[in-house]
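Participant: Pasting in a structure now, in structure tokens, and then I'll have a few things to ask.
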Amino acid sequence: MEEQLTPAERFAKAKLNRANPALESFLKLLKFPLDDFQEKACQALLRGQGVLVAAPTGAGKTIVGEFAIHLAMEKNLKVFYTTPIKALSNQKYSELVDRYGNERVGLLTGDTNINGDAQFLVMTTEVLRNMIYANSNALINLGYVVMDEVHYLADRFRGAVWEEVMLHLPRDVKVVSLSATVSNAEEFGAWLDEVRGDTAIIVSETRPVPLNQQVLFGDELIPLFDDTGRDVRVNVDLVQRHANKMRQPINKPRSDRRGHPANRVYPRGIDRNLGRINRITKPQVIDILEEADLLPAIFFIFSRAGCEAAVQSVLASGMRLTKPEDKQIIRRIAEEKCGNIPDEDLAALGYFQWLSALERGVAAHHAGLLPAFKEVVEELFLRKLVKVVFATETLALGINMPARTVVLERLDKYNGEGRVQITPGEYTQLTGRAGRRGIDVEGHSVIQWSGNLDPSYVASLASKRTYPLNSSFKPTFNMTVNLIDAFGLKRSREVLETSFAQFQADRSVVGMARGIRENQKSLAGYEESMKCHLGEFTEYALKRKQISEFEKEVAQMGRQSKRNDLRQSKGIRSLELRIATLKKELRAHPCHACPDRESHARWGERWHKLYKETQQVIKQIESRTNQVAKTFDKITNMLIQLGYLVEADEDVESTEAGKRLAKIYGERDLLVAEALREEIWHDVDAPTLAALIAALVYEARRDDESLNPKMPKGEFAAVFDQTLDLWDELQLVAKENQLPGSSEPDASMALQMQRWANGAKLDSVLKATGMLAGDFIRWCKQSIDLLEQIAKIREPRLSETAEQAIESIKRGIVAYSYYA
């Protein structure tokens, strides 16, 4: 930062800035002087380089993206600013409009098109990918692309889009990649340098606002680290308290003379009988934070239901965090944002209870919340009118809601299969919300202690500021057709071989190959040690190993036979015969008579174990070499087999069916294309088509178990069965081509989507699905997105039905929230 520089350095820096009028004029727009990493990135852009900026949440990475816009304005070039989610696109659009005006700035998010010919366009990454494949005229005169939250390319569902953009953008376009701090920034930067040209790698691990990390032990805030000495270490007092608590026995409550449990009062949060610290209530935690001047705070709770329950616990306590004069302002802002919501939907959305919580200064924030509600919460929190927000981790993704304090009630979460520990990267993202630049001297993170929370583990999690960025890139059916249409088969294969996924695989192969060479040296040494003057001991050792493995297999099969009360199987008898034969061969082997046989055998065991490990590594290398291109080849063969591609003039090109597939994006792209080709959806009405599409986009959450399992009556059942038959056929073809299949379509919400498309009221649909309003709206939006793709293909009869289905879904609260 500026104050860390010597006077001579500050003078040299000011002189350099004056030598660059573009940078000097940009600095006048900022509230803060540039930090060192921002300065380096801006200078790299001035030199004509692309940049990768990896820095902590809240460090000010976006300043670099805004400088790219400033440069483009001076050079009269276009800039695309991409974000992973629509909410971030909307936020960045508003910021740029405030700075540059409505005429210069546009917004493209798939469902929103505002000033699409503007010089500065904000968009989701998928929109840019689609523009590249369509060879859009908007790419003409494009100078810079800012890719915000670029570490999102590790996302297993959408991450491939980031790599597609990087690989296919015109080479002369400079890419500004903004990432959270990742441990392999140099590796990612090296790949960018290969595929995008000269790229400066700028890494900062310094938070603009220092983070003070504490543990809430009962009702006492205790520092996690002790930095009074020369080195920072885990707070010894905290470690000792944890150890003392864990040593206390778990005793049953003592009883009085009549056998009733004895009632004793202990300090808040302490249960002496159990020898453990119980979690204190959310209102009690808020009291502690307020007393310590640590509000406003965000409580991260890894469950939507948990967030809502936390709000209710605060309301039930009677707590009020706002002043009387705040209530009128809060109500006015909420009514302005939600004024267009139909009156009949307000009760179904829980509007009045939500507003009551806001007026007391508390709120929830999660993906199931109505988009308008989330916007109100974000604005009120920024205005310091809402003091406590209970949020899921989705809030950590770039939304501008910094707090003084972040509270983590636990460090594990449910991942769909079981509870897993959060990663150091996730911890960094979450605590990155703590500390408001220009307001707080330091941010605070508070972890609630529990018996399974070892302070040393928490400290290790908190001290690891980085996490690796690993590619999730893999070719899809849609991507394959688009690549072949754009570049042909050979060039497409070459492009995929330059992906970050292959780049990382190749680097790992280098390490594996080095390991194999070391293993081979050891194997040679083992062979020398077990060398026998009577014969080939490797052969003898292998027979011994086979006998041992077969005997273990016989024992296991025998136990299974006993459990099942079955006669000894033919398989066991066959193995026993094989063992007898091997033992006979072993006794006849020359090495069997060697006096050093057992010594040789011990070396043989080591040789065999290492040989087996080495062969497994060799297989891994074979699977990783050209893995992306190999997958592409399998997909290409499958699409030729199905008639979406055809061989022509020593190349491959798409058929009419393939051209339709090229316009369908999503996990079930091929299934949709098959349904279009077979015309199985062409004669259904609009509500039924809406229900069918909902079955293709919907994916159940673990808390969606209350969904009504009934399916729509009438033509839906027959057409859905045909769709499932197509899915079954595609699964078989994928298996034949050694490709993974897709998940089975889920009709759990099809009936309620059909009811909604037929005009049912919101409250009845939400009650029947058991969904939160935000979730229902999201599935409606995704259904609309796929219906729009189908409508644009201009299939006779079906396109018109798709447009009708869109209109029937996009009504009421869905229409109101559609552009949020």
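Within each chain, counting starts at residue 1; across the structure tokens, chains are named A, B, ... in the order shown, with ligands numbered 1 upward in that order.
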Near segment 343-345 of chain A, within 10 Å and counting only C-alpha atoms, which residues show up once chain neighbours fewer than 3 positions away are dropped, as a ChimeraX atom specification?
Facilitator: /A:339-340,348-351,761-763,812-813
Participant: Can you pull out every residue within 12 Å of Gln546 of chain A, counting only C-alpha atoms, but drop anything in the same chain fewer than 2 positions away, and send it as a PyMOL selection string?
Facilitator: chain A and resi 539-544+548-553+575+578-583+585-586+605+608
Participant: Would you save the residues of that selection, restricted to N, CA and C atoms, as an mmCIF file, in the first residue's frame?
Facilitator:
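Saved to result.cif:
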```cif
data_model
loop_
_atom_site.group_PDB
_atom_site.id
_atom_site.type_symbol
_atom_site.label_atom_id
_atom_site.label_comp_id
_atom_site.auth_asym_id
_atom_site.auth_seq_id
_atom_site.Cartn_x
_atom_site.Cartn_y
_atom_site.Cartn_z
ATOM 1 N N GLU A 539 10.328 -65.372 -11.472
ATOM 2 C CA GLU A 539 9.283 -66.322 -11.874
ATOM 3 C C GLU A 539 8.785 -67.111 -10.666
ATOM 4 N N TYR A 540 9.728 -67.545 -9.825
ATOM 5 C CA TYR A 540 9.395 -68.316 -8.626
ATOM 6 C C TYR A 540 8.562 -67.449 -7.652
ATOM 7 N N ALA A 541 8.981 -66.162 -7.458
ATOM 8 C CA ALA A 541 8.285 -65.253 -6.544
ATOM 9 C C ALA A 541 6.853 -64.980 -7.017
ATOM 10 N N LEU A 542 6.680 -64.910 -8.340
ATOM 11 C CA LEU A 542 5.349 -64.652 -8.889
ATOM 12 C C LEU A 542 4.404 -65.812 -8.584
ATOM 13 N N LYS A 543 4.915 -67.042 -8.680
ATOM 14 C CA LYS A 543 4.070 -68.204 -8.382
ATOM 15 C C LYS A 543 3.663 -68.196 -6.902
ATOM 16 N N ARG A 544 4.616 -67.865 -6.016
ATOM 17 C CA ARG A 544 4.290 -67.771 -4.589
ATOM 18 C C ARG A 544 3.203 -66.727 -4.340
ATOM 19 N N SER A 548 -0.670 -67.237 -2.789
ATOM 20 C CA SER A 548 -1.153 -66.468 -1.639
ATOM 21 C C SER A 548 -2.470 -65.760 -1.966
ATOM 22 N N GLU A 549 -2.533 -65.144 -3.156
ATOM 23 C CA GLU A 549 -3.747 -64.403 -3.545
ATOM 24 C C GLU A 549 -4.929 -65.343 -3.752
ATOM 25 N N PHE A 550 -4.674 -66.511 -4.386
ATOM 26 C CA PHE A 550 -5.747 -67.489 -4.614
ATOM 27 C C PHE A 550 -6.271 -68.049 -3.287
ATOM 28 N N GLU A 551 -5.379 -68.280 -2.327
ATOM 29 C CA GLU A 551 -5.800 -68.803 -1.026
ATOM 30 C C GLU A 551 -6.684 -67.798 -0.283
ATOM 31 N N LYS A 552 -6.337 -66.523 -0.379
ATOM 32 C CA LYS A 552 -7.184 -65.487 0.224
ATOM 33 C C LYS A 552 -8.558 -65.454 -0.434
ATOM 34 N N GLU A 553 -8.592 -65.617 -1.745
ATOM 35 C CA GLU A 553 -9.856 -65.602 -2.485
ATOM 36 C C GLU A 553 -10.725 -66.793 -2.102
ATOM 37 N N LEU A 575 -10.441 -72.954 -8.002
ATOM 38 C CA LEU A 575 -9.297 -72.253 -7.435
ATOM 39 C C LEU A 575 -8.386 -73.212 -6.675
ATOM 40 N N ARG A 578 -6.295 -75.004 -9.010
ATOM 41 C CA ARG A 578 -5.248 -74.113 -9.526
ATOM 42 C C ARG A 578 -4.123 -73.953 -8.506
ATOM 43 N N ILE A 579 -4.493 -73.831 -7.209
ATOM 44 C CA ILE A 579 -3.507 -73.704 -6.137
ATOM 45 C C ILE A 579 -2.626 -74.958 -6.073
ATOM 46 N N ALA A 580 -3.279 -76.132 -6.167
ATOM 47 C CA ALA A 580 -2.532 -77.401 -6.110
ATOM 48 C C ALA A 580 -1.535 -77.496 -7.257
ATOM 49 N N THR A 581 -1.972 -77.068 -8.451
ATOM 50 C CA THR A 581 -1.086 -77.087 -9.621
ATOM 51 C C THR A 581 0.103 -76.154 -9.421
ATOM 52 N N LEU A 582 -0.169 -74.945 -8.900
ATOM 53 C CA LEU A 582 0.899 -73.969 -8.682
ATOM 54 C C LEU A 582 1.893 -74.464 -7.639
ATOM 55 N N LYS A 583 1.387 -75.101 -6.574
ATOM 56 C CA LYS A 583 2.284 -75.630 -5.541
ATOM 57 C C LYS A 583 3.183 -76.730 -6.093
ATOM 58 N N GLU A 585 4.105 -76.925 -9.261
ATOM 59 C CA GLU A 585 5.088 -76.229 -10.104
ATOM 60 C C GLU A 585 6.149 -75.546 -9.251
ATOM 61 N N LEU A 586 5.721 -75.029 -8.089
ATOM 62 C CA LEU A 586 6.649 -74.345 -7.195
ATOM 63 C C LEU A 586 7.711 -75.315 -6.664
ATOM 64 N N GLU A 605 8.847 -60.204 -2.572
ATOM 65 C CA GLU A 605 7.601 -59.553 -2.136
ATOM 66 C C GLU A 605 7.667 -58.053 -2.398
ATOM 67 N N HIS A 608 7.457 -57.401 -6.136
ATOM 68 C CA HIS A 608 6.114 -57.581 -6.672
ATOM 69 C C HIS A 608 5.208 -56.399 -6.308
#
```
Participant: Would you please give, as a PDB file with all heavy atoms, in the first residue's frame, all residues of segment 323-397 of chain A that DSSP assigns to strand (DSSP E) based on the backbone?
Facilitator:
```pdb
ATOM      1  N   VAL A 362     -32.628  -7.751  11.183  1.00  0.00           N
ATOM      2  CA  VAL A 362     -32.100  -9.073  10.850  1.00  0.00           C
ATOM      3  C   VAL A 362     -32.735  -9.593   9.571  1.00  0.00           C
ATOM      4  O   VAL A 362     -33.854  -9.215   9.221  1.00  0.00           O
ATOM      5  CB  VAL A 362     -32.314 -10.093  11.996  1.00  0.00           C
ATOM      6  CG1 VAL A 362     -31.561  -9.672  13.237  1.00  0.00           C
ATOM      7  CG2 VAL A 362     -33.790 -10.272  12.290  1.00  0.00           C
ATOM      8  N   ALA A 363     -32.012 -10.486   8.873  1.00  0.00           N
ATOM      9  CA  ALA A 363     -32.539 -11.037   7.621  1.00  0.00           C
ATOM     10  C   ALA A 363     -31.792 -12.316   7.270  1.00  0.00           C
ATOM     11  O   ALA A 363     -30.697 -12.575   7.767  1.00  0.00           O
ATOM     12  CB  ALA A 363     -32.388 -10.021   6.487  1.00  0.00           C
ATOM     13  N   ALA A 364     -32.402 -13.112   6.380  1.00  0.00           N
ATOM     14  CA  ALA A 364     -31.744 -14.285   5.782  1.00  0.00           C
ATOM     15  C   ALA A 364     -31.325 -13.925   4.364  1.00  0.00           C
ATOM     16  O   ALA A 364     -31.871 -13.007   3.746  1.00  0.00           O
ATOM     17  CB  ALA A 364     -32.689 -15.478   5.775  1.00  0.00           C
ATOM     18  N   HIS A 365     -30.354 -14.663   3.826  1.00  0.00           N
ATOM     19  CA  HIS A 365     -29.902 -14.452   2.447  1.00  0.00           C
ATOM     20  C   HIS A 365     -29.455 -15.799   1.899  1.00  0.00           C
ATOM     21  O   HIS A 365     -28.460 -16.362   2.349  1.00  0.00           O
ATOM     22  CB  HIS A 365     -28.745 -13.457   2.418  1.00  0.00           C
ATOM     23  CG  HIS A 365     -28.381 -12.980   1.034  1.00  0.00           C
ATOM     24  ND1 HIS A 365     -27.805 -13.804   0.095  1.00  0.00           N
ATOM     25  CD2 HIS A 365     -28.514 -11.767   0.438  1.00  0.00           C
ATOM     26  CE1 HIS A 365     -27.592 -13.110  -1.020  1.00  0.00           C
ATOM     27  NE2 HIS A 365     -28.010 -11.871  -0.836  1.00  0.00           N
ATOM     28  N   VAL A 388     -27.618  -7.822  11.102  1.00  0.00           N
ATOM     29  CA  VAL A 388     -27.238  -9.236  11.120  1.00  0.00           C
ATOM     30  C   VAL A 388     -27.914  -9.951   9.955  1.00  0.00           C
ATOM     31  O   VAL A 388     -29.135  -9.840   9.780  1.00  0.00           O
ATOM     32  CB  VAL A 388     -27.649  -9.913  12.444  1.00  0.00           C
ATOM     33  CG1 VAL A 388     -27.432 -11.425  12.362  1.00  0.00           C
ATOM     34  CG2 VAL A 388     -26.859  -9.338  13.613  1.00  0.00           C
ATOM     35  N   VAL A 389     -27.117 -10.672   9.162  1.00  0.00           N
ATOM     36  CA  VAL A 389     -27.648 -11.476   8.061  1.00  0.00           C
ATOM     37  C   VAL A 389     -27.211 -12.928   8.264  1.00  0.00           C
ATOM     38  O   VAL A 389     -26.025 -13.189   8.509  1.00  0.00           O
ATOM     39  CB  VAL A 389     -27.143 -10.964   6.694  1.00  0.00           C
ATOM     40  CG1 VAL A 389     -27.490 -11.949   5.588  1.00  0.00           C
ATOM     41  CG2 VAL A 389     -27.745  -9.606   6.379  1.00  0.00           C
ATOM     42  N   PHE A 390     -28.172 -13.837   8.194  1.00  0.00           N
ATOM     43  CA  PHE A 390     -27.884 -15.277   8.246  1.00  0.00           C
ATOM     44  C   PHE A 390     -27.876 -15.777   6.807  1.00  0.00           C
ATOM     45  O   PHE A 390     -28.906 -15.731   6.126  1.00  0.00           O
ATOM     46  CB  PHE A 390     -28.937 -16.004   9.083  1.00  0.00           C
ATOM     47  CG  PHE A 390     -29.003 -15.539  10.507  1.00  0.00           C
ATOM     48  CD1 PHE A 390     -29.989 -14.666  10.925  1.00  0.00           C
ATOM     49  CD2 PHE A 390     -28.053 -15.962  11.426  1.00  0.00           C
ATOM     50  CE1 PHE A 390     -30.051 -14.217  12.237  1.00  0.00           C
ATOM     51  CE2 PHE A 390     -28.105 -15.526  12.742  1.00  0.00           C
ATOM     52  CZ  PHE A 390     -29.107 -14.648  13.157  1.00  0.00           C
ATOM     53  N   ALA A 391     -26.726 -16.238   6.329  1.00  0.00           N
ATOM     54  CA  ALA A 391     -26.563 -16.515   4.902  1.00  0.00           C
ATOM     55  C   ALA A 391     -25.943 -17.877   4.649  1.00  0.00           C
ATOM     56  O   ALA A 391     -25.191 -18.396   5.471  1.00  0.00           O
ATOM     57  CB  ALA A 391     -25.691 -15.429   4.267  1.00  0.00           C
TER      58      ALA A 391
END
```
Participant: As number ranges by chain, list the residues of segment 15-141 of chain A assigned to helix (DSSP H, G or I) by DSSP on the backbone atoms of this structure.
Facilitator: A: 15-18, 21-27, 36-46, 62-75, 86-100, 125-133, 137-139
Participant: For the residues selected in the previous step, produce a file with C-alpha atoms as an mmCIF file, in the first residue's frame.
Facilitator:
```cif
data_model
loop_
_atom_site.group_PDB
_atom_site.id
_atom_site.type_symbol
_atom_site.label_atom_id
_atom_site.label_comp_id
_atom_site.auth_asym_id
_atom_site.auth_seq_id
_atom_site.Cartn_x
_atom_site.Cartn_y
_atom_site.Cartn_z
ATOM 1 C CA LYS A 15 6.700 10.170 -11.843
ATOM 2 C CA LEU A 16 5.804 6.923 -13.618
ATOM 3 C CA ASN A 17 2.086 7.665 -13.301
ATOM 4 C CA ARG A 18 2.563 11.168 -14.719
ATOM 5 C CA PRO A 21 -1.738 10.063 -18.830
ATOM 6 C CA ALA A 22 -4.266 7.180 -19.045
ATOM 7 C CA LEU A 23 -3.287 5.915 -15.606
ATOM 8 C CA GLU A 24 -3.088 9.398 -14.135
ATOM 9 C CA SER A 25 -6.597 10.283 -15.336
ATOM 10 C CA PHE A 26 -7.899 6.943 -14.016
ATOM 11 C CA LEU A 27 -6.435 7.582 -10.565
ATOM 12 C CA ASP A 36 1.038 -2.381 -5.185
ATOM 13 C CA PHE A 37 -0.610 -5.343 -6.977
ATOM 14 C CA GLN A 38 -3.137 -3.029 -8.652
ATOM 15 C CA GLU A 39 -0.316 -0.756 -9.788
ATOM 16 C CA LYS A 40 1.607 -3.699 -11.299
ATOM 17 C CA ALA A 41 -1.477 -4.989 -13.119
ATOM 18 C CA CYS A 42 -2.316 -1.574 -14.576
ATOM 19 C CA GLN A 43 1.275 -1.112 -15.742
ATOM 20 C CA ALA A 44 1.129 -4.549 -17.425
ATOM 21 C CA LEU A 45 -2.010 -3.507 -19.317
ATOM 22 C CA LEU A 46 -0.278 -0.299 -20.392
ATOM 23 C CA THR A 62 -12.026 -5.239 -10.012
ATOM 24 C CA ILE A 63 -10.078 -1.963 -10.119
ATOM 25 C CA VAL A 64 -7.824 -3.662 -12.686
ATOM 26 C CA GLY A 65 -10.850 -4.599 -14.806
ATOM 27 C CA GLU A 66 -12.102 -1.022 -14.592
ATOM 28 C CA PHE A 67 -8.718 0.253 -15.766
ATOM 29 C CA ALA A 68 -9.044 -1.966 -18.835
ATOM 30 C CA ILE A 69 -12.360 -0.221 -19.523
ATOM 31 C CA HIS A 70 -10.655 3.153 -19.053
ATOM 32 C CA LEU A 71 -7.935 2.184 -21.548
ATOM 33 C CA ALA A 72 -10.518 0.950 -24.041
ATOM 34 C CA MET A 73 -12.388 4.239 -23.786
ATOM 35 C CA GLU A 74 -9.232 6.157 -24.695
ATOM 36 C CA LYS A 75 -8.482 3.772 -27.586
ATOM 37 C CA LYS A 86 -26.565 -12.691 -13.261
ATOM 38 C CA ALA A 87 -26.669 -10.938 -9.877
ATOM 39 C CA LEU A 88 -22.999 -9.958 -10.263
ATOM 40 C CA SER A 89 -23.614 -8.832 -13.840
ATOM 41 C CA ASN A 90 -26.500 -6.641 -12.705
ATOM 42 C CA GLN A 91 -24.372 -5.179 -9.907
ATOM 43 C CA LYS A 92 -21.404 -4.404 -12.172
ATOM 44 C CA TYR A 93 -23.731 -2.937 -14.830
ATOM 45 C CA SER A 94 -25.171 -0.496 -12.273
ATOM 46 C CA GLU A 95 -21.677 0.520 -11.127
ATOM 47 C CA LEU A 96 -20.480 1.176 -14.697
ATOM 48 C CA VAL A 97 -23.638 3.103 -15.619
ATOM 49 C CA ASP A 98 -23.019 5.376 -12.618
ATOM 50 C CA ARG A 99 -19.491 6.046 -13.877
ATOM 51 C CA TYR A 100 -19.842 6.108 -17.674
ATOM 52 C CA THR A 125 -19.662 -15.949 -19.358
ATOM 53 C CA GLU A 126 -22.100 -18.252 -21.192
ATOM 54 C CA VAL A 127 -23.341 -15.323 -23.280
ATOM 55 C CA LEU A 128 -19.798 -14.581 -24.474
ATOM 56 C CA ARG A 129 -19.171 -18.269 -25.273
ATOM 57 C CA ASN A 130 -22.322 -18.339 -27.410
ATOM 58 C CA MET A 131 -21.311 -15.118 -29.189
ATOM 59 C CA ILE A 132 -17.925 -16.641 -30.082
ATOM 60 C CA TYR A 133 -19.489 -19.794 -31.543
ATOM 61 C CA ASN A 137 -20.465 -9.005 -35.128
ATOM 62 C CA ALA A 138 -20.250 -7.729 -31.540
ATOM 63 C CA LEU A 139 -16.719 -9.198 -31.441
#
```
Participant: Near Ala673 of chain A, counting only C-alpha atoms, which residues have an atom at most 12 Å away, once you skip same-chain residues fewer than 6 positions from it, shown as a PyMOL selection string?
Facilitator: chain A and resi 477-478+639+642-644+656-667+679-681+723+726-727+730+786+789-790+793+795
Participant: Please provide the set of residues having any atom within 10 Å of Gly525 of chain A, restricted to only C-alpha atoms, with same-chain residues fewer than 5 positions apart removed, written as a ChimeraX atom specification.
Facilitator: /A:519-520,530-531,603,607
Participant: Kindly indicate which residue among A:Ser177, A:Ser445, A:Asn20, A:Gln504 lies nearest to Tyr144 of chain A, using only C-alpha atoms for the distances.
Facilitator: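 For Tyr144 of chain A, the nearest of the candidates is A:Ser177.
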Participant: Leaving out Gln312 of chain A and any residue of its chain fewer than 6 positions from it, which residues lie within 12 Å of it when counting only C-alpha atoms, given as a VMD selection string?
Facilitator: chain A and resid 281 to 283 305 to 306 318 to 319 353 to 354 356 to 358 360 362 to 364 390
Participant: Each residue of segment 391-472 of chain A lying at most 9 Å from segment 216-238 of chain A should get a row with its shortest atom-to-atom pair and the distance in Å to one decimal, counting only C-alpha atoms; could you produce that, ordered by chain and increasing number, as CSV?
Facilitator:
```
residue,atom,partner,partner_atom,distance
A:Val446,CA,A:Leu216,CA,6.4
A:Ile447,CA,A:Leu216,CA,5.9
A:Gln448,CA,A:Leu216,CA,4.8
A:Trp449,CA,A:Phe217,CA,5.3
A:Ser450,CA,A:Phe217,CA,8.0
A:Pro455,CA,A:Leu238,CA,7.0
A:Ser456,CA,A:Val234,CA,6.6
A:Val458,CA,A:Leu224,CA,8.2
A:Ala459,CA,A:Val234,CA,6.4
```
Participant: Export, as an mmCIF file, in the first residue's frame, the selected residues with N, CA, C and O atoms.
Facilitator:
```
data_model
loop_
_atom_site.group_PDB
_atom_site.id
_atom_site.type_symbol
_atom_site.label_atom_id
_atom_site.label_comp_id
_atom_site.auth_asym_id
_atom_site.auth_seq_id
_atom_site.Cartn_x
_atom_site.Cartn_y
_atom_site.Cartn_z
ATOM 1 N N VAL A 446 -15.364 -15.043 13.628
ATOM 2 C CA VAL A 446 -15.680 -15.691 14.898
ATOM 3 C C VAL A 446 -16.152 -17.101 14.605
ATOM 4 O O VAL A 446 -17.123 -17.294 13.861
ATOM 5 N N ILE A 447 -15.464 -18.097 15.153
ATOM 6 C CA ILE A 447 -15.852 -19.491 14.984
ATOM 7 C C ILE A 447 -16.430 -19.988 16.306
ATOM 8 O O ILE A 447 -15.789 -19.843 17.347
ATOM 9 N N GLN A 448 -17.651 -20.525 16.262
ATOM 10 C CA GLN A 448 -18.260 -21.050 17.480
ATOM 11 C C GLN A 448 -17.634 -22.398 17.828
ATOM 12 O O GLN A 448 -17.640 -23.328 17.015
ATOM 13 N N TRP A 449 -17.110 -22.499 19.049
ATOM 14 C CA TRP A 449 -16.439 -23.723 19.473
ATOM 15 C C TRP A 449 -17.441 -24.828 19.756
ATOM 16 O O TRP A 449 -18.548 -24.584 20.240
ATOM 17 N N SER A 450 -17.031 -26.045 19.447
ATOM 18 C CA SER A 450 -17.778 -27.235 19.850
ATOM 19 C C SER A 450 -16.747 -28.323 20.128
ATOM 20 O O SER A 450 -15.558 -28.166 19.807
ATOM 21 N N PRO A 455 -8.688 -26.557 18.035
ATOM 22 C CA PRO A 455 -8.109 -25.256 17.675
ATOM 23 C C PRO A 455 -6.953 -25.351 16.687
ATOM 24 O O PRO A 455 -6.793 -24.483 15.834
ATOM 25 N N SER A 456 -6.157 -26.411 16.804
ATOM 26 C CA SER A 456 -5.015 -26.566 15.886
ATOM 27 C C SER A 456 -5.499 -26.767 14.451
ATOM 28 O O SER A 456 -4.907 -26.253 13.497
ATOM 29 N N VAL A 458 -8.428 -25.670 13.253
ATOM 30 C CA VAL A 458 -8.978 -24.380 12.816
ATOM 31 C C VAL A 458 -7.847 -23.449 12.400
ATOM 32 O O VAL A 458 -7.928 -22.759 11.386
ATOM 33 N N ALA A 459 -6.772 -23.440 13.183
ATOM 34 C CA ALA A 459 -5.636 -22.578 12.871
ATOM 35 C C ALA A 459 -5.001 -22.953 11.537
ATOM 36 O O ALA A 459 -4.620 -22.087 10.750
#
```
Participant: Using only C-alpha atoms, which residue out of A:Ile298, A:Ile341, A:Val646, A:Leu692 lies closest to Met401 of chain A?
Facilitator: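 Going through A:Ile298, A:Ile341, A:Val646, A:Leu692 one by one, the smallest distance to Met401 of chain A is for A:Ile298.
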Participant: Excluding Pro170 of chain A and its own-chain neighbours fewer than 3 positions away, which residues fall within 10 Å of it when counting only C-alpha atoms? Please give them as a ChimeraX atom specification.
Facilitator: /A:132,139-140,142-143,165-167,173-174,196
Participant: Please measure the separation of atom CA of Gln754 of chain A and atom CA of Ala690 of chain A, giving the value in Å to one decimal.
Facilitator: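 Separation between atom CA of Gln754 of chain A and atom CA of Ala690 of chain A: 6.3 Å.
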Participant: Choose the residue, out of A:Leu408, A:Ala747, A:Val765, A:Leu610, that has the smallest atom-to-atom separation from Ser522 of chain A; count only C-alpha atoms.
Facilitator: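 Ranking A:Leu408, A:Ala747, A:Val765, A:Leu610 by distance to Ser522 of chain A, first place goes to A:Leu610.
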Participant: Taking into account only C-alpha atoms, which residue in the set A:Gly759, A:Gly488, A:Pro590, A:Gly189 is nearest to Ala54 of chain A?
Facilitator: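 Result for the nearest residue to Ala54 of chain A: A:Gly189.
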Participant: One decimal, in Å: what's the spacing between atom CA of Leu461 of chain A and atom CA of Gln421 of chain A?
Facilitator: 10.0 Å
